[in-house]
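Following: one structure in structure tokens, then a few remarks.
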Amino acid sequence: MSDDSVLAPVLARIDADLPAATDRLIDLLRIPSISTDPAYKADCDRAADWLVADLASLGVKAEKRATPGHPMVVGHVDGPADGTGPHILFYGHYDVQPVDPLDLWARDPFDAAIEDTAKGKVIRGRGAADDKGQLMTFIEACRAWKAEHGTLPCKITFFLEGEEESGSPSLVPFMTENADELKAELALICDTGLFESRVPAIMTMLRGLLGEEFTITGPDKDLHSGMYGGLAMNPARVMTRILGNLFDDDGVIQVPALYEGVPELSPELKAQWDGLDFDHAQFLGDVGLSIPAGETSVTPLEMIWARPTAEINGMWSGYTGAGFKTVLPSQASAKISFRLVGTQDPYAIRKNFRAWVEAQLPGDCKIAWKDHSCSPASQMSTDHPAFEAARRALTDEWPDPAAYAGCGGSIPIAGYFKSILGMDAMLVGWGKDDDQIHSPNEKYDLESFHKGTRSWARILAAMAG
């Protein structure tokens, strides 16, 4: 049979089955699988059971696997009897973020439903875009394929996690202990989005993340500012001076050796990014800003996809309650995060940042450090033929040609697939900028769910040849 005769009935089945597929997604969204809150442990178990049963209905040998935290769902299914096609692994997560503040939701966050909006129909509910809706696009594509051809186009391992929104504490040990079972030729991840809510994108760069927290202590107690002010060292003053030194006038981060391992973009990738016509004025305007910050020597799109950052995420010191208290604080604290690219070493940056801060402390002050996130960046090689096949397949489905893109955020699982299982990961997703993930009134466009499912069918067909 020709490629069209194989793919066309699958796409037609997806179109016809959209109402039933949407009902299945809504059923899953109504399970409050909040992984970070122990009160929802039973609901996380219930979501895992739901997925095991749904995969089993496709002929997948699926199991709920216990971990010290929430369970993993692992399933395996063979492809055609002749063994053709690659072996791929699909990853998604079934846990969701907490819903606070609840009073900002227009409806019960776990009473998911389709709503009409000015921009079209949306699926409203916690987890709709992150990540249950995205996860189900792949499963629904497999369901349509199985219904039309009696089998799936290739061998697939399903790997669904229940702790992504709470730091994935069980993930690395589970992957390490089950590496032989989980290894495949390529991992597929559906937890990203469309570029500017319209261009299908294959993410090939993910920034790493380093989190630091410190407390500077000066006097051994809060002091009266009239009695001690001007003579005693104020740790809030020390902290703001140090943090004010983080950047020069051109936006370059001043931590020594921070830029070691930061790659230059290839001319081909730079040209493709320039061709996306990123509207940074609108991007900033959507949040009430207008002037790009960061390094003045690179484009705004490069800044958020391919350059490292240092951001002050929080500062606190002294009296912050109602009214006024003329106190000279004993302590001042801050949280700082670094987004990393290329081969930057988060441990080396941690060491250099701490030495840089401590070198600026006056003699009367001491500092205490608290570790937070520490993960390197991930960069996927597009040399694997599946990447270009997927890009062509996406271009066939969407009005705009698909592009290789970067991602300003951090998705550590992609790096773990490489470091633990020795395979590359392809990140494709259908989220839009206004999906309000992690926020009240999260939604997933019905178009994203529908065309995302069709897109996976096209990718599977292209990868299976």
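Chain labels A, B, ... are given in the sequence in which chains occur in the structure tokens; within each chain residues are numbered consecutively from 1, and ligands are likewise numbered from 1 in the order shown.
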
Residues of range 73-124 of chain A that have any atom at most 12 Å from an atom of range 370-390 of chain A: could you tabulate them with the shortest-distance atom pair and the distance in Å to one decimal, using only C-alpha atoms, ordered by chain and increasing number, as JSON lines?
{"residue": "A:Gly85", "atom": "CA", "partner": "A:Ala386", "partner_atom": "CA", "distance": 11.2}
{"residue": "A:Pro86", "atom": "CA", "partner": "A:Ala386", "partner_atom": "CA", "distance": 9.6}
{"residue": "A:His87", "atom": "CA", "partner": "A:Ala386", "partner_atom": "CA", "distance": 11.6}
{"residue": "A:Ile88", "atom": "CA", "partner": "A:Ala386", "partner_atom": "CA", "distance": 10.5}

Using the selection just defined, write its residues with N, CA and C atoms as a compact mmCIF listing (two decimals), in the first residue's frame.
# COMPACT_ATOMS: atom_id res chain seq x y z
N GLY A 85 10.01 -0.98 11.10
CA GLY A 85 9.82 0.24 11.85
C GLY A 85 10.74 0.32 13.06
N PRO A 86 10.95 1.51 13.58
CA PRO A 86 11.83 1.70 14.73
C PRO A 86 11.16 1.30 16.03
N HIS A 87 11.94 1.26 17.10
CA HIS A 87 11.41 1.10 18.45
C HIS A 87 11.48 2.48 19.11
N ILE A 88 10.33 3.04 19.46
CA ILE A 88 10.31 4.36 20.07
C ILE A 88 9.74 4.26 21.48

Quick one: residues within 6 Å of range 302-312 of chain A, only C-alpha atoms, excluding same-chain residues fewer than 4 positions away - as an MDAnalysis selection string? chainID A and resid 336:341 406:408

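Of the residues under consideration (A:Tyr416, A:Phe247, A:Phe138, A:Phe110), A:Phe138 shows the shortest atom-to-atom contact distance to Leu460 in chain A when counting only C-alpha atoms.
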
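The nearest approach to Thr67 in chain A among the residues A:Gly342, A:Pro173, A:Gly409, A:Gly208, with only C-alpha atoms taken into account, belongs to A:Pro173.
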
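If only C-alpha atoms are the atoms counted, then among A:Pro200, A:Gly261, A:Gly429, A:Pro153 the closest residue to Ala464 in chain A is A:Pro153.
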
Considering only C-alpha atoms, return as a list in words whatever protein or nucleic-acid residues lie within 9 Å of Ala106 in chain A, sequence-local ones (same chain, fewer than 3 positions apart) excluded. Leu102, Asp103, Pro109, Pro440 and Asn441 of chain A

CA of Leu18 in chain A to CA of Tyr91 in chain A: how many Å, to one decimal? 22.3 Å

Determine which residues of range 261-334 of chain A DSSP labels as strand (DSSP E) from the backbone of this structure, then write them out as a ChimeraX atom specification. /A:309-317,327-328,331-334

State, in Å with one decimal place, the distance from CA of Val298 in chain A to CA of Val199 in chain A. 22.3 Å

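Minimum atom-to-atom distances from A:Val238, A:Ala348, A:Ala81, A:Ala47 to His149 in chain A were compared using only C-alpha atoms, and the lowest value belongs to A:Ala81.
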
Could you tell me, as an MDAnalysis selection string, which residues of range 94-194 of chain A DSSP assigns to helix (DSSP H, G or I) when given the backbone? chainID A and resid 102:104 132:149 164:166 171:177 179:182

Keeping C-alpha atoms, export the residues of the selection given above as a CSV table (one decimal), in the first residue's frame.
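Wrote it out as part00.csv, contents follow:
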chain,number,residue,atom,x,y,z
A,102,LEU,CA,-9.0,28.6,43.8
A,103,ASP,CA,-11.1,31.8,43.8
A,104,LEU,CA,-9.5,32.9,40.5
A,132,LYS,CA,-2.8,15.2,30.2
A,133,GLY,CA,-4.1,16.8,27.0
A,134,GLN,CA,-0.7,16.5,25.3
A,135,LEU,CA,-0.2,13.0,26.6
A,136,MET,CA,-3.5,11.9,25.2
A,137,THR,CA,-2.8,13.2,21.7
A,138,PHE,CA,-0.3,10.5,21.3
A,139,ILE,CA,-2.5,7.8,22.8
A,140,GLU,CA,-5.4,8.8,20.6
A,141,ALA,CA,-3.2,8.7,17.5
A,142,CYS,CA,-2.2,5.1,18.4
A,143,ARG,CA,-5.9,4.3,19.1
A,144,ALA,CA,-6.9,5.4,15.6
A,145,TRP,CA,-4.0,3.5,14.0
A,146,LYS,CA,-4.9,0.3,15.8
A,147,ALA,CA,-8.6,0.7,14.8
A,148,GLU,CA,-7.7,1.1,11.2
A,149,HIS,CA,-4.8,-1.4,10.8
A,164,GLU,CA,7.0,15.6,37.1
A,165,GLU,CA,5.2,18.6,38.8
A,166,SER,CA,6.9,17.8,42.1
A,171,LEU,CA,12.4,9.2,38.1
A,172,VAL,CA,16.2,8.8,37.9
A,173,PRO,CA,16.3,5.8,40.3
A,174,PHE,CA,13.5,4.1,38.3
A,175,MET,CA,15.1,4.8,34.9
A,176,THR,CA,18.5,3.5,36.2
A,177,GLU,CA,17.0,0.3,37.7
A,179,ALA,CA,17.3,0.9,31.9
A,180,ASP,CA,17.3,-2.3,29.8
A,181,GLU,CA,13.5,-2.4,29.6
A,182,LEU,CA,13.2,1.3,28.7

Residue contacts of range 254-259 of chain A (8 Å, only C-alpha atoms) excluding same-chain residues fewer than 3 positions away, as number ranges by chain: A: 245-248, 262, 308, 344, 349, 352-353, 356

A:Gly92, A:Gly363, A:Pro80, A:Gly59: which is nearest Ile189 in chain A, counting only C-alpha atoms? A:Gly92

Residue neighbourhood Cys190 in chain A, 12 Å, only C-alpha atoms, exclusion window fewer than 6 positions, as an NGL selection string: :A and (89-94 or 129-139 or 159-160 or 201-203 or 411 or 413-414 or 425-431 or 448-449 or 452-453 or 455-456)

Compare A:Leu361, A:Ala393, A:Ala405, A:Ala128 by their minimum atom-to-atom distance to Glu442 in chain A, counting only C-alpha atoms, and give me the closest one. A:Ala128

CA of Leu51 in chain A to CA of Val6 in chain A: how many Å, to one decimal? 27.0 Å
